[in-house]
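Raw contents of target-v6.cif, mmCIF, C-alpha atoms:
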```cif
data_start
loop_
_atom_site.label_atom_id
_atom_site.label_comp_id
_atom_site.auth_asym_id
_atom_site.auth_seq_id
_atom_site.Cartn_x
_atom_site.Cartn_y
_atom_site.Cartn_z
CA MET V 120 -91.96 -23.27 80.00
CA ILE V 121 -91.58 -23.84 76.29
CA TYR V 122 -93.03 -20.48 75.19
CA LEU V 123 -90.63 -18.61 77.45
CA ARG V 124 -87.70 -20.58 76.03
CA LEU V 125 -88.86 -19.87 72.47
CA PHE V 126 -89.16 -16.20 73.37
CA LEU V 127 -85.66 -16.03 74.89
CA ALA V 128 -84.07 -17.86 71.98
CA PHE V 129 -85.70 -15.85 69.22
CA VAL V 130 -85.42 -12.45 70.91
CA GLN V 131 -81.65 -13.05 70.94
CA ILE V 132 -81.67 -14.05 67.29
CA GLY V 133 -83.58 -10.87 66.42
CA ALA V 134 -81.43 -8.62 68.61
CA PHE V 135 -77.98 -9.79 67.49
CA SER V 136 -78.23 -10.57 63.79
CA PHE V 137 -76.59 -7.58 62.12
CA GLY V 138 -76.28 -7.29 58.37
CA GLY V 139 -79.31 -9.14 57.03
CA GLY V 140 -79.44 -12.22 54.84
CA TYR V 141 -77.36 -15.01 56.25
CA ALA V 142 -76.24 -13.05 59.32
CA ALA V 143 -79.01 -14.66 61.36
CA MET V 144 -77.82 -18.17 60.49
CA PRO V 145 -75.05 -18.57 63.10
CA LEU V 146 -77.39 -17.24 65.79
CA ILE V 147 -80.23 -19.55 64.79
CA GLN V 148 -77.78 -22.44 64.80
CA ALA V 149 -76.42 -21.52 68.26
CA GLN V 150 -79.88 -21.29 69.82
CA VAL V 151 -81.83 -23.96 67.96
CA ILE V 152 -79.20 -26.71 67.70
CA ASP V 153 -76.55 -26.07 70.34
CA THR V 154 -78.49 -24.54 73.23
CA TYR V 155 -81.98 -26.03 73.04
CA HIS V 156 -81.53 -29.06 70.72
CA TRP V 157 -84.82 -28.31 68.96
CA LEU V 158 -83.45 -29.38 65.58
CA SER V 159 -80.79 -31.85 64.48
CA ALA V 160 -77.98 -30.63 62.21
CA ALA V 161 -79.72 -32.37 59.28
CA ASP V 162 -83.05 -30.68 60.10
CA PHE V 163 -81.22 -27.34 60.29
CA ALA V 164 -79.74 -27.93 56.83
CA ASP V 165 -83.26 -28.71 55.57
CA LEU V 166 -84.57 -25.55 57.24
CA VAL V 167 -81.94 -23.38 55.53
CA THR V 168 -82.77 -25.09 52.23
CA ILE V 169 -86.49 -24.45 52.69
CA ALA V 170 -85.82 -20.85 53.76
CA GLU V 171 -83.83 -20.31 50.57
CA MET V 172 -86.69 -21.67 48.46
CA THR V 173 -89.43 -19.57 50.06
CA PRO V 174 -89.86 -15.79 50.25
CA GLY V 175 -89.19 -13.90 53.46
CA PRO V 176 -86.24 -13.33 55.79
CA ILE V 177 -84.45 -16.46 57.01
CA ALA V 178 -84.93 -15.44 60.66
CA ILE V 179 -88.73 -15.18 60.24
CA ASN V 180 -88.78 -18.46 58.31
CA ALA V 181 -86.75 -20.17 61.02
CA ALA V 182 -88.93 -18.78 63.80
CA SER V 183 -92.16 -19.93 62.15
CA PHE V 184 -90.75 -23.37 61.37
CA VAL V 185 -89.06 -24.07 64.70
CA GLY V 186 -92.00 -22.65 66.69
CA ASN V 187 -94.35 -24.98 64.87
CA GLN V 188 -92.09 -28.02 65.27
CA VAL V 189 -91.57 -27.42 68.98
CA ALA V 190 -94.89 -26.08 70.24
CA GLY V 191 -97.46 -25.93 67.44
CA ILE V 192 -99.04 -22.86 65.95
CA LEU V 193 -98.95 -20.87 69.21
CA GLY V 194 -95.26 -21.62 69.49
CA ALA V 195 -94.82 -20.33 65.95
CA VAL V 196 -96.62 -17.09 66.82
CA VAL V 197 -94.47 -16.60 69.94
CA ALA V 198 -91.21 -17.31 68.09
CA THR V 199 -92.08 -15.11 65.11
CA VAL V 200 -93.21 -12.15 67.20
CA SER V 201 -90.11 -12.55 69.42
CA VAL V 202 -87.72 -12.46 66.47
CA ALA V 203 -89.31 -9.24 65.14
CA LEU V 204 -89.64 -7.54 68.55
CA PRO V 205 -86.05 -6.24 68.94
CA SER V 206 -86.30 -4.72 65.45
CA CYS V 207 -89.53 -2.95 66.38
CA ILE V 208 -87.93 -1.38 69.44
CA PHE V 209 -84.47 -0.66 68.04
CA VAL V 210 -85.46 0.62 64.60
CA THR V 211 -88.21 2.83 66.03
CA ILE V 212 -85.76 4.46 68.45
CA LEU V 213 -83.18 4.85 65.72
CA ALA V 214 -85.75 6.35 63.35
CA ILE V 215 -86.79 8.91 65.99
CA VAL V 216 -83.18 9.76 66.91
CA TYR V 217 -82.27 9.95 63.26
CA GLN V 218 -85.08 12.42 62.49
CA LYS V 219 -83.52 14.66 65.15
CA TYR V 220 -79.78 14.38 64.53
CA ARG V 221 -79.43 13.04 60.98
CA LYS V 222 -76.04 11.52 61.77
CA MET V 223 -75.03 7.96 62.38
CA THR V 224 -71.23 7.94 62.25
CA LEU V 225 -70.93 5.79 65.38
CA MET V 226 -73.53 3.32 64.15
CA GLN V 227 -71.81 3.01 60.77
CA GLY V 228 -68.36 2.70 62.36
CA VAL V 229 -69.56 -0.11 64.59
CA LEU V 230 -71.20 -1.84 61.66
CA ALA V 231 -68.02 -1.68 59.57
CA THR V 232 -66.12 -3.41 62.38
CA LEU V 233 -68.88 -5.96 62.86
CA ARG V 234 -69.00 -7.04 59.22
CA PRO V 235 -65.81 -9.19 59.20
CA ALA V 236 -66.96 -10.98 62.36
CA VAL V 237 -70.32 -11.69 60.74
CA VAL V 238 -68.55 -13.02 57.63
CA SER V 239 -66.53 -15.52 59.62
CA MET V 240 -69.54 -16.65 61.64
CA ILE V 241 -71.56 -17.22 58.47
CA PHE V 242 -68.58 -19.17 57.16
CA ALA V 243 -68.57 -21.31 60.30
CA ALA V 244 -72.31 -21.95 59.96
CA GLY V 245 -71.79 -22.83 56.29
CA LEU V 246 -69.12 -25.34 57.30
CA THR V 247 -71.48 -27.05 59.73
CA ILE V 248 -73.89 -27.53 56.84
CA LEU V 249 -71.20 -28.56 54.35
CA LEU V 250 -69.21 -31.07 56.43
CA PRO V 251 -72.10 -33.42 57.37
CA THR V 252 -73.29 -33.16 53.77
CA ILE V 253 -70.01 -34.50 52.40
CA PHE V 254 -68.67 -36.61 55.29
CA ARG V 255 -70.59 -39.06 57.44
CA ASP V 256 -70.97 -37.60 60.97
CA GLY V 257 -69.37 -34.38 59.72
CA VAL V 258 -65.83 -35.57 60.43
CA ILE V 259 -63.34 -35.14 57.59
CA SER V 260 -62.37 -38.63 56.43
CA PHE V 261 -61.89 -40.06 52.97
CA ALA V 262 -62.36 -43.72 53.96
CA ALA V 263 -64.99 -45.61 51.96
CA GLY V 264 -68.39 -45.17 53.62
CA ASP V 265 -67.36 -41.91 55.30
CA PHE V 266 -66.95 -39.84 52.16
CA LYS V 267 -70.16 -39.13 50.24
CA ILE V 268 -68.71 -38.69 46.81
CA ARG V 269 -71.95 -37.73 45.02
CA SER V 270 -72.63 -34.89 47.45
CA ALA V 271 -69.05 -33.69 47.07
CA ILE V 272 -69.41 -33.65 43.27
CA TYR V 273 -72.71 -31.70 43.45
CA PHE V 274 -71.06 -29.21 45.80
CA ILE V 275 -68.03 -28.63 43.58
CA VAL V 276 -70.10 -28.37 40.40
CA ALA V 277 -72.60 -26.02 42.10
CA LEU V 278 -69.80 -23.80 43.39
CA PHE V 279 -68.19 -23.70 39.96
CA VAL V 280 -71.48 -22.82 38.24
CA LEU V 281 -72.27 -20.13 40.82
CA ARG V 282 -68.86 -18.48 40.45
CA LYS V 283 -68.72 -18.75 36.68
CA TRP V 284 -72.23 -17.80 35.53
CA LYS V 285 -73.85 -16.21 38.60
CA PRO V 286 -77.25 -17.86 38.00
CA ASN V 287 -80.24 -17.68 40.33
CA PRO V 288 -79.14 -19.67 43.45
CA ILE V 289 -82.54 -21.36 43.65
CA LEU V 290 -81.95 -22.93 40.23
CA VAL V 291 -78.53 -24.24 41.34
CA MET V 292 -80.05 -25.80 44.45
CA LEU V 293 -82.89 -27.37 42.48
CA GLY V 294 -80.34 -28.70 40.01
CA CYS V 295 -78.42 -30.46 42.80
CA GLY V 296 -81.67 -31.87 44.18
CA ALA V 297 -82.81 -33.11 40.76
CA ALA V 298 -79.41 -34.72 40.12
CA GLU V 299 -79.59 -36.71 43.37
CA LEU V 300 -83.20 -37.71 42.70
CA ILE V 301 -82.32 -39.03 39.24
CA VAL V 302 -79.29 -40.95 40.56
CA GLN V 303 -81.35 -42.53 43.35
CA LEU V 304 -84.12 -43.48 40.90
CA ILE V 305 -81.55 -45.17 38.66
CA LEU V 306 -79.86 -46.98 41.57
CA ARG V 307 -83.14 -48.21 43.00
CA MET G 142 -104.80 13.89 57.26
CA PRO G 143 -108.57 13.14 57.36
CA SER G 144 -109.36 9.86 59.05
CA HIS G 145 -110.68 8.05 55.97
CA ASP G 146 -107.50 9.00 54.13
CA LYS G 147 -105.43 7.64 56.95
CA LYS G 148 -107.39 4.41 56.97
CA HIS G 149 -106.91 4.12 53.24
CA MET G 150 -103.19 4.78 53.61
CA LEU G 151 -102.80 2.14 56.34
CA ARG G 152 -104.63 -0.42 54.24
CA SER G 153 -102.47 0.39 51.26
CA LEU G 154 -99.34 0.15 53.44
CA PHE G 155 -100.41 -3.25 54.75
CA LEU G 156 -101.22 -4.63 51.30
CA SER G 157 -97.94 -3.28 49.88
CA THR G 158 -95.69 -4.87 52.50
CA LEU G 159 -97.76 -8.07 52.38
CA TYR G 160 -97.36 -8.26 48.62
CA LEU G 161 -93.65 -7.44 48.67
CA SER G 162 -92.96 -9.99 51.41
CA ALA G 163 -94.94 -12.73 49.66
CA PHE G 164 -93.19 -12.44 46.33
CA THR G 165 -89.65 -11.43 47.20
CA PHE G 166 -87.08 -14.17 47.01
CA GLY G 167 -83.49 -13.39 47.80
CA GLY G 168 -83.58 -11.54 51.07
CA GLY G 169 -83.64 -8.08 52.55
CA TYR G 170 -81.64 -6.12 50.01
CA VAL G 171 -84.04 -7.09 47.24
CA ILE G 172 -87.15 -6.18 49.22
CA ILE G 173 -85.71 -2.75 50.09
CA THR G 174 -85.17 -2.01 46.39
CA LEU G 175 -88.76 -3.00 45.67
CA MET G 176 -90.02 -0.81 48.52
CA LYS G 177 -88.19 2.13 46.95
CA GLU G 178 -89.75 1.40 43.56
CA ARG G 179 -93.22 1.29 45.01
CA PHE G 180 -93.22 4.10 47.58
CA VAL G 181 -90.80 6.55 45.96
CA ASP G 182 -91.17 6.05 42.22
CA LYS G 183 -94.77 4.90 41.94
CA LEU G 184 -96.76 6.28 44.87
CA HIS G 185 -94.53 9.33 45.59
CA TRP G 186 -95.19 9.02 49.32
CA ILE G 187 -91.50 9.43 50.19
CA GLU G 188 -88.63 11.51 48.78
CA GLU G 189 -85.71 9.64 47.26
CA ASP G 190 -83.15 11.10 49.74
CA GLU G 191 -85.26 10.18 52.71
CA MET G 192 -85.68 6.65 51.41
CA LEU G 193 -81.89 6.27 51.18
CA ASP G 194 -81.59 7.31 54.83
CA MET G 195 -84.33 4.84 55.76
CA VAL G 196 -82.45 2.08 53.95
CA ALA G 197 -79.32 2.98 55.93
CA ILE G 198 -81.26 2.67 59.20
CA ALA G 199 -82.80 -0.66 58.15
CA GLN G 200 -79.40 -2.06 57.23
CA SER G 201 -77.52 -0.89 60.29
CA SER G 202 -80.07 -2.21 62.78
CA PRO G 203 -80.13 -5.78 64.05
CA GLY G 204 -82.86 -8.10 62.81
CA PRO G 205 -84.24 -9.05 59.40
CA ILE G 206 -83.72 -6.19 56.93
CA ALA G 207 -87.18 -6.64 55.40
CA VAL G 208 -88.79 -6.20 58.83
CA ASN G 209 -86.55 -3.23 59.65
CA GLY G 210 -87.45 -1.64 56.31
CA ALA G 211 -91.15 -2.17 57.01
CA ILE G 212 -90.74 -0.46 60.41
CA VAL G 213 -89.03 2.72 59.14
CA LEU G 214 -91.52 2.89 56.30
CA GLY G 215 -94.52 2.32 58.57
CA TYR G 216 -93.29 4.87 61.11
CA LYS G 217 -92.69 7.52 58.47
CA LEU G 218 -96.07 7.05 56.79
CA GLY G 219 -98.38 6.20 59.66
CA GLY G 220 -96.67 6.53 63.05
CA PHE G 221 -97.16 3.65 65.44
CA PRO G 222 -100.26 2.21 63.72
CA GLY G 223 -98.17 2.32 60.54
CA ILE G 224 -95.42 0.25 62.18
CA LEU G 225 -97.93 -2.36 63.35
CA VAL G 226 -99.59 -2.65 59.97
CA SER G 227 -96.42 -2.83 57.90
CA VAL G 228 -94.64 -5.31 60.21
CA LEU G 229 -97.68 -7.59 60.13
CA GLY G 230 -97.68 -7.35 56.36
CA ALA G 231 -94.00 -8.31 56.23
CA ILE G 232 -94.33 -11.22 58.66
CA ILE G 233 -97.58 -12.90 57.61
CA PRO G 234 -96.50 -14.42 54.25
CA PRO G 235 -93.38 -16.27 55.48
CA PHE G 236 -95.26 -17.24 58.65
CA VAL G 237 -98.11 -18.86 56.72
CA ILE G 238 -95.81 -20.57 54.19
CA LEU G 239 -93.44 -22.01 56.81
CA THR G 240 -96.32 -23.09 59.04
CA MET G 241 -97.75 -25.11 56.16
CA ILE G 242 -94.35 -26.62 55.33
CA SER G 243 -93.71 -27.43 58.98
CA PHE G 244 -97.08 -29.15 59.16
CA PHE G 245 -96.15 -31.48 56.31
CA TYR G 246 -92.44 -31.76 57.19
CA SER G 247 -92.52 -35.20 58.81
CA ALA G 248 -94.59 -36.57 55.92
CA PHE G 249 -92.20 -34.78 53.54
CA LYS G 250 -89.18 -36.35 55.16
CA SER G 251 -90.42 -39.93 54.81
CA SER G 252 -91.14 -39.46 51.11
CA PHE G 253 -88.44 -41.05 48.95
CA ALA G 254 -88.49 -38.32 46.29
CA ILE G 255 -88.43 -35.37 48.72
CA GLN G 256 -85.71 -37.04 50.77
CA ALA G 257 -83.52 -37.48 47.68
CA LEU G 258 -84.25 -33.92 46.55
CA LEU G 259 -83.37 -32.42 49.94
CA THR G 260 -80.20 -34.52 50.17
CA GLY G 261 -78.98 -33.19 46.84
CA MET G 262 -80.08 -29.64 47.60
CA ARG G 263 -77.98 -29.55 50.78
CA SER G 264 -74.86 -29.58 48.58
CA GLY G 265 -76.35 -26.70 46.60
CA VAL G 266 -77.16 -24.69 49.74
CA ALA G 267 -73.64 -25.18 51.08
CA ALA G 268 -72.25 -23.97 47.74
CA VAL G 269 -74.55 -20.91 47.72
CA ILE G 270 -73.57 -19.95 51.29
CA LEU G 271 -69.85 -20.42 50.75
CA SER G 272 -70.02 -18.47 47.49
CA VAL G 273 -71.69 -15.56 49.32
CA VAL G 274 -69.11 -15.84 52.12
CA TRP G 275 -66.31 -15.69 49.54
CA ASP G 276 -67.67 -12.42 48.08
CA MET G 277 -68.01 -10.93 51.57
CA PHE G 278 -64.53 -12.14 52.50
CA ILE G 279 -63.01 -10.46 49.42
CA GLY G 280 -64.89 -7.28 50.36
CA VAL G 281 -63.27 -7.28 53.81
CA VAL G 282 -59.80 -8.09 52.45
CA LYS G 283 -60.06 -5.26 49.92
CA ALA G 284 -60.61 -2.75 52.72
CA ARG G 285 -56.90 -3.31 53.57
CA ASP G 286 -57.51 -2.79 57.25
CA ALA G 287 -55.41 -4.95 59.57
CA VAL G 288 -57.81 -4.61 62.49
CA LEU G 289 -60.72 -5.88 60.40
CA LEU G 290 -58.71 -8.89 59.24
CA LEU G 291 -57.75 -9.61 62.82
CA VAL G 292 -61.38 -9.35 63.92
CA MET G 293 -62.36 -11.75 61.15
CA ALA G 294 -59.75 -14.35 62.11
CA ALA G 295 -60.39 -14.03 65.83
CA ALA G 296 -64.17 -14.29 65.42
CA PHE G 297 -63.76 -17.46 63.37
CA VAL G 298 -61.47 -19.12 65.91
CA CYS G 299 -63.72 -18.12 68.83
CA ASN G 300 -66.86 -19.30 67.05
CA TYR G 301 -65.79 -22.45 65.21
CA PHE G 302 -63.01 -23.89 67.35
CA LEU G 303 -63.60 -22.50 70.84
CA HIS G 304 -67.44 -22.61 70.58
CA ILE G 305 -67.77 -19.26 72.32
CA ASN G 306 -71.34 -17.93 72.39
CA VAL G 307 -72.12 -15.97 69.19
CA VAL G 308 -73.84 -13.20 71.16
CA LEU G 309 -70.71 -12.65 73.27
CA ILE G 310 -68.54 -12.44 70.16
CA ILE G 311 -70.89 -9.87 68.61
CA LEU G 312 -70.97 -7.80 71.82
CA ALA G 313 -67.16 -7.85 72.02
CA VAL G 314 -66.83 -6.72 68.41
CA ILE G 315 -69.42 -3.96 68.93
CA LEU G 316 -67.24 -2.71 71.80
CA ILE G 317 -64.15 -2.75 69.57
CA GLY G 318 -66.14 -0.88 66.92
CA ILE G 319 -67.27 1.82 69.36
CA VAL G 320 -63.73 2.37 70.69
CA ARG G 321 -62.28 2.51 67.17
CA THR G 322 -64.89 4.93 65.87
CA LEU G 323 -64.50 7.25 68.87
CA LEU G 324 -60.68 7.19 68.62
CA ARG G 325 -60.84 7.92 64.91
CA GLY G 326 -63.29 10.77 65.49
CA ARG G 327 -60.90 12.30 68.04
CA LYS G 328 -57.96 11.96 65.68
CA GLU G 329 -59.88 13.68 62.89
CA ALA G 330 -60.98 16.46 65.21
CA ARG G 331 -57.36 17.08 66.18
CA SER G 332 -55.89 17.18 62.66
#
```
As structure tokens, the full file:
Amino acid sequence: MIYLRLFLAFVQIGAFSFGGGYAAMPLIQAQVIDTYHWLSAADFADLVTIAEMTPGPIAINAASFVGNQVAGILGAVVATVSVALPSCIFVTILAIVYQKYRKMTLMQGVLATLRPAVVSMIFAAGLTILLPTIFRDGVISFAAGDFKIRSAIYFIVALFVLRKWKPNPILVMLGCGAAELIVQLILR
Amino acid sequence: MPSHDKKHMLRSLFLSTLYLSAFTFGGGYVIITLMKERFVDKLHWIEEDEMLDMVAIAQSSPGPIAVNGAIVLGYKLGGFPGILVSVLGAIIPPFVILTMISFFYSAFKSSFAIQALLTGMRSGVAAVILSVVWDMFIGVVKARDAVLLLVMAAAFVCNYFLHINVVLIILAVILIGIVRTLLRGRKEARS
């Protein structure tokens, strides 16, 4: 049943994304692309783009979007509630325990060890967005037709601008989009 | 607290988290700062110290930080009804926005202009993610902890090359973290 599958996928995403922000991305990718094939890699890249442009946590954005795409508005409700459910249980317990003991050394120690793993998994998820953006089929190859030179230029310029001036990321993304739109209008 | 006060407080809690969630771009850390501004500095419902502890709980728990923040806040201010109200407030804006976008997505995708825009933006998103990853990577390297570097390398190999389930990797690292923290605690107790 589709609702059960949405529930199982998004409960896992909610329960195992530690560290906020992009930490949910590798989990969303694993469930939504690799396990259930609900989105293509290109759709996933669009989803991350849309999530960046809109307010709200990426996990909630992904749940609402994927739920809708797969099973309509009810699917979206199921997916969104599922992704928030582990938080509701875990944080409530932690808040109660914390009121009593006021110490979280173990929790913080675990989190410190988890952070490097999360970094490398976000990196891996970033690569699966970057490679198909720059190379046809996501396989590194500089042969004509395989290498999308415009996308590579936008990427390098965007990275440079981000590192050098630390602007609002949304502006950088819009800049890349506008550049491609202008080029395609000229080429048409 | 008299019941009309409580009702008023719940409504205010709901509207606050709804507002914060609807207008906060840039993820959990930003929304937590705004929560502090509103509930500590403006409304004086929570003490500063307690808010810092609540932030620590929200950040160390799994799940979206904005939702976690809404839960600790809701629980502190209104018990279980408070949790319900504040979580709904945090979820509704992104839910409504993404539902609308999803509804128009197939039409979106066939539009020439949107297609070109999204194609270009993918390069930008990749740059934003890798830039964030770089900062996080430097943070881990600066800790000068061999075990953490090893965990980072091993997690990458397991995830990217061996395609091992992300959940399994996280569970394994949690186990390593527990063992390390307990061993360190014992060492400190002895010295």
Segment 255-272 of chain V surroundings by all atoms listed in the file, 9 Å radius, close-in-sequence under 3 positions cut, as a list in words = Thr247, Ile248, Leu249, Leu250, Pro251, Thr252, Ile275, Val276, Ala277, Cys295 and Glu299 of chain V; Thr260, Gly261, Arg263 and Ser264 of chain G
Evaluate the PyMOL selection byres ((chain V and resi 172) around 10) here and jot the selected residues down as an MDAnalysis selection string.
-> (chainID V and resid 166:171 173:175 288:290 292:293) or (chainID G and resid 166:167)
Given the file shown, enumerate the residues that the PyMOL selection byres ((chain G) within 7 of (chain V)) captures and present them as a short mmCIF file (atom, residue, chain, number, x, y, z; two decimals) with C-alpha atoms, keeping the file's coordinate frame.
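File result-v6.cif, as written:
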```cif
data_model
loop_
_atom_site.label_atom_id
_atom_site.label_comp_id
_atom_site.auth_asym_id
_atom_site.auth_seq_id
_atom_site.Cartn_x
_atom_site.Cartn_y
_atom_site.Cartn_z
CA SER G 162 -92.96 -9.99 51.41
CA ALA G 163 -94.94 -12.73 49.66
CA PHE G 164 -93.19 -12.44 46.33
CA THR G 165 -89.65 -11.43 47.20
CA PHE G 166 -87.08 -14.17 47.01
CA GLY G 168 -83.58 -11.54 51.07
CA GLY G 169 -83.64 -8.08 52.55
CA GLN G 200 -79.40 -2.06 57.23
CA SER G 201 -77.52 -0.89 60.29
CA SER G 202 -80.07 -2.21 62.78
CA PRO G 203 -80.13 -5.78 64.05
CA GLY G 204 -82.86 -8.10 62.81
CA PRO G 205 -84.24 -9.05 59.40
CA ILE G 206 -83.72 -6.19 56.93
CA ALA G 207 -87.18 -6.64 55.40
CA ASN G 209 -86.55 -3.23 59.65
CA ILE G 212 -90.74 -0.46 60.41
CA VAL G 213 -89.03 2.72 59.14
CA PRO G 235 -93.38 -16.27 55.48
CA PHE G 236 -95.26 -17.24 58.65
CA LEU G 239 -93.44 -22.01 56.81
CA THR G 240 -96.32 -23.09 59.04
CA SER G 243 -93.71 -27.43 58.98
CA ALA G 254 -88.49 -38.32 46.29
CA ALA G 257 -83.52 -37.48 47.68
CA LEU G 258 -84.25 -33.92 46.55
CA LEU G 259 -83.37 -32.42 49.94
CA THR G 260 -80.20 -34.52 50.17
CA GLY G 261 -78.98 -33.19 46.84
CA MET G 262 -80.08 -29.64 47.60
CA ARG G 263 -77.98 -29.55 50.78
CA SER G 264 -74.86 -29.58 48.58
CA GLY G 265 -76.35 -26.70 46.60
CA VAL G 266 -77.16 -24.69 49.74
CA ALA G 267 -73.64 -25.18 51.08
CA ALA G 268 -72.25 -23.97 47.74
CA VAL G 269 -74.55 -20.91 47.72
CA ILE G 270 -73.57 -19.95 51.29
CA LEU G 271 -69.85 -20.42 50.75
CA SER G 272 -70.02 -18.47 47.49
CA VAL G 274 -69.11 -15.84 52.12
CA MET G 277 -68.01 -10.93 51.57
CA PHE G 278 -64.53 -12.14 52.50
CA VAL G 281 -63.27 -7.28 53.81
CA LEU G 289 -60.72 -5.88 60.40
CA VAL G 292 -61.38 -9.35 63.92
CA MET G 293 -62.36 -11.75 61.15
CA ALA G 296 -64.17 -14.29 65.42
CA PHE G 297 -63.76 -17.46 63.37
CA ASN G 300 -66.86 -19.30 67.05
CA TYR G 301 -65.79 -22.45 65.21
CA VAL G 307 -72.12 -15.97 69.19
CA VAL G 308 -73.84 -13.20 71.16
CA VAL G 314 -66.83 -6.72 68.41
CA ILE G 315 -69.42 -3.96 68.93
CA GLY G 318 -66.14 -0.88 66.92
CA ILE G 319 -67.27 1.82 69.36
CA THR G 322 -64.89 4.93 65.87
#
```
May I have the protein, DNA and RNA residues with any atom at most 10 Å from the point (-96.5, -7.4, 50.1), counting all atoms listed in the file, written as a ChimeraX atom specification?
-> /G:153-165,172,175-176,227,230-234
Can I get the selected residues back with C-alpha atoms, as a PDB file, keeping the file's coordinate frame?
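Written out: out29.pdb:
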```
ATOM      1  CA  SER G 153    -102.470   0.390  51.260  1.00  0.00           C
ATOM      2  CA  LEU G 154     -99.340   0.150  53.440  1.00  0.00           C
ATOM      3  CA  PHE G 155    -100.410  -3.250  54.750  1.00  0.00           C
ATOM      4  CA  LEU G 156    -101.220  -4.630  51.300  1.00  0.00           C
ATOM      5  CA  SER G 157     -97.940  -3.280  49.880  1.00  0.00           C
ATOM      6  CA  THR G 158     -95.690  -4.870  52.500  1.00  0.00           C
ATOM      7  CA  LEU G 159     -97.760  -8.070  52.380  1.00  0.00           C
ATOM      8  CA  TYR G 160     -97.360  -8.260  48.620  1.00  0.00           C
ATOM      9  CA  LEU G 161     -93.650  -7.440  48.670  1.00  0.00           C
ATOM     10  CA  SER G 162     -92.960  -9.990  51.410  1.00  0.00           C
ATOM     11  CA  ALA G 163     -94.940 -12.730  49.660  1.00  0.00           C
ATOM     12  CA  PHE G 164     -93.190 -12.440  46.330  1.00  0.00           C
ATOM     13  CA  THR G 165     -89.650 -11.430  47.200  1.00  0.00           C
ATOM     14  CA  ILE G 172     -87.150  -6.180  49.220  1.00  0.00           C
ATOM     15  CA  LEU G 175     -88.760  -3.000  45.670  1.00  0.00           C
ATOM     16  CA  MET G 176     -90.020  -0.810  48.520  1.00  0.00           C
ATOM     17  CA  SER G 227     -96.420  -2.830  57.900  1.00  0.00           C
ATOM     18  CA  GLY G 230     -97.680  -7.350  56.360  1.00  0.00           C
ATOM     19  CA  ALA G 231     -94.000  -8.310  56.230  1.00  0.00           C
ATOM     20  CA  ILE G 232     -94.330 -11.220  58.660  1.00  0.00           C
ATOM     21  CA  ILE G 233     -97.580 -12.900  57.610  1.00  0.00           C
ATOM     22  CA  PRO G 234     -96.500 -14.420  54.250  1.00  0.00           C
TER      23      PRO G 234
END
```
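Atom CA of Tyr216 of chain G to atom CA of Ser201 of chain V spans 19.6 Å [interatomic distance, one decimal].
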Around the point (-99.4, -1.4, 59.3) in the file's coordinates, collect all residues with an atom within 6 Å, using only C-alpha atoms, and return them as a list of chain:residue names.
-> G:Leu151, G:Phe155, G:Pro222, G:Gly223, G:Ile224, G:Leu225, G:Val226, G:Ser227
Distance query Phe180 of chain G at most 12 Å, only C-alpha atoms, self and fewer than 3 positions along chain excluded, as a PyMOL selection string = chain G and resi 150+153-154+157-158+161+173-177+183-189+191-192+210-211+214-215+217-218
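Separating atom CA of Leu303 of chain G from atom CA of Ala160 of chain V is a distance of 18.6 Å.
The gap separating atom CA of Lys219 of chain V from atom CA of Arg327 of chain G is 22.9 Å, in Å to one decimal.
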Can you fill out segment 272-281 of chain G with N, CA and C atoms and hand it back as a PDB file, in the frame of the given file?
```
ATOM      1  N   SER G 272     -70.272 -19.433  48.564  1.00  0.00           N
ATOM      2  CA  SER G 272     -70.020 -18.470  47.490  1.00  0.00           C
ATOM      3  C   SER G 272     -70.285 -17.037  47.993  1.00  0.00           C
ATOM      4  N   VAL G 273     -71.384 -16.868  48.732  1.00  0.00           N
ATOM      5  CA  VAL G 273     -71.690 -15.560  49.320  1.00  0.00           C
ATOM      6  C   VAL G 273     -70.588 -15.152  50.296  1.00  0.00           C
ATOM      7  N   VAL G 274     -70.157 -16.120  51.138  1.00  0.00           N
ATOM      8  CA  VAL G 274     -69.110 -15.840  52.120  1.00  0.00           C
ATOM      9  C   VAL G 274     -67.830 -15.394  51.407  1.00  0.00           C
ATOM     10  N   TRP G 275     -67.521 -16.040  50.290  1.00  0.00           N
ATOM     11  CA  TRP G 275     -66.310 -15.690  49.540  1.00  0.00           C
ATOM     12  C   TRP G 275     -66.369 -14.223  49.074  1.00  0.00           C
ATOM     13  N   ASP G 276     -67.524 -13.817  48.529  1.00  0.00           N
ATOM     14  CA  ASP G 276     -67.670 -12.420  48.080  1.00  0.00           C
ATOM     15  C   ASP G 276     -67.501 -11.455  49.257  1.00  0.00           C
ATOM     16  N   MET G 277     -68.118 -11.809  50.396  1.00  0.00           N
ATOM     17  CA  MET G 277     -68.010 -10.930  51.570  1.00  0.00           C
ATOM     18  C   MET G 277     -66.576 -10.887  52.072  1.00  0.00           C
ATOM     19  N   PHE G 278     -65.911 -12.041  52.048  1.00  0.00           N
ATOM     20  CA  PHE G 278     -64.530 -12.140  52.500  1.00  0.00           C
ATOM     21  C   PHE G 278     -63.633 -11.238  51.647  1.00  0.00           C
ATOM     22  N   ILE G 279     -63.808 -11.306  50.325  1.00  0.00           N
ATOM     23  CA  ILE G 279     -63.010 -10.460  49.420  1.00  0.00           C
ATOM     24  C   ILE G 279     -63.274  -8.986  49.730  1.00  0.00           C
ATOM     25  N   GLY G 280     -64.547  -8.663  50.011  1.00  0.00           N
ATOM     26  CA  GLY G 280     -64.890  -7.280  50.360  1.00  0.00           C
ATOM     27  C   GLY G 280     -64.120  -6.804  51.575  1.00  0.00           C
ATOM     28  N   VAL G 281     -64.004  -7.657  52.598  1.00  0.00           N
ATOM     29  CA  VAL G 281     -63.270  -7.280  53.810  1.00  0.00           C
ATOM     30  C   VAL G 281     -61.780  -7.152  53.525  1.00  0.00           C
TER      31      VAL G 281
END
```
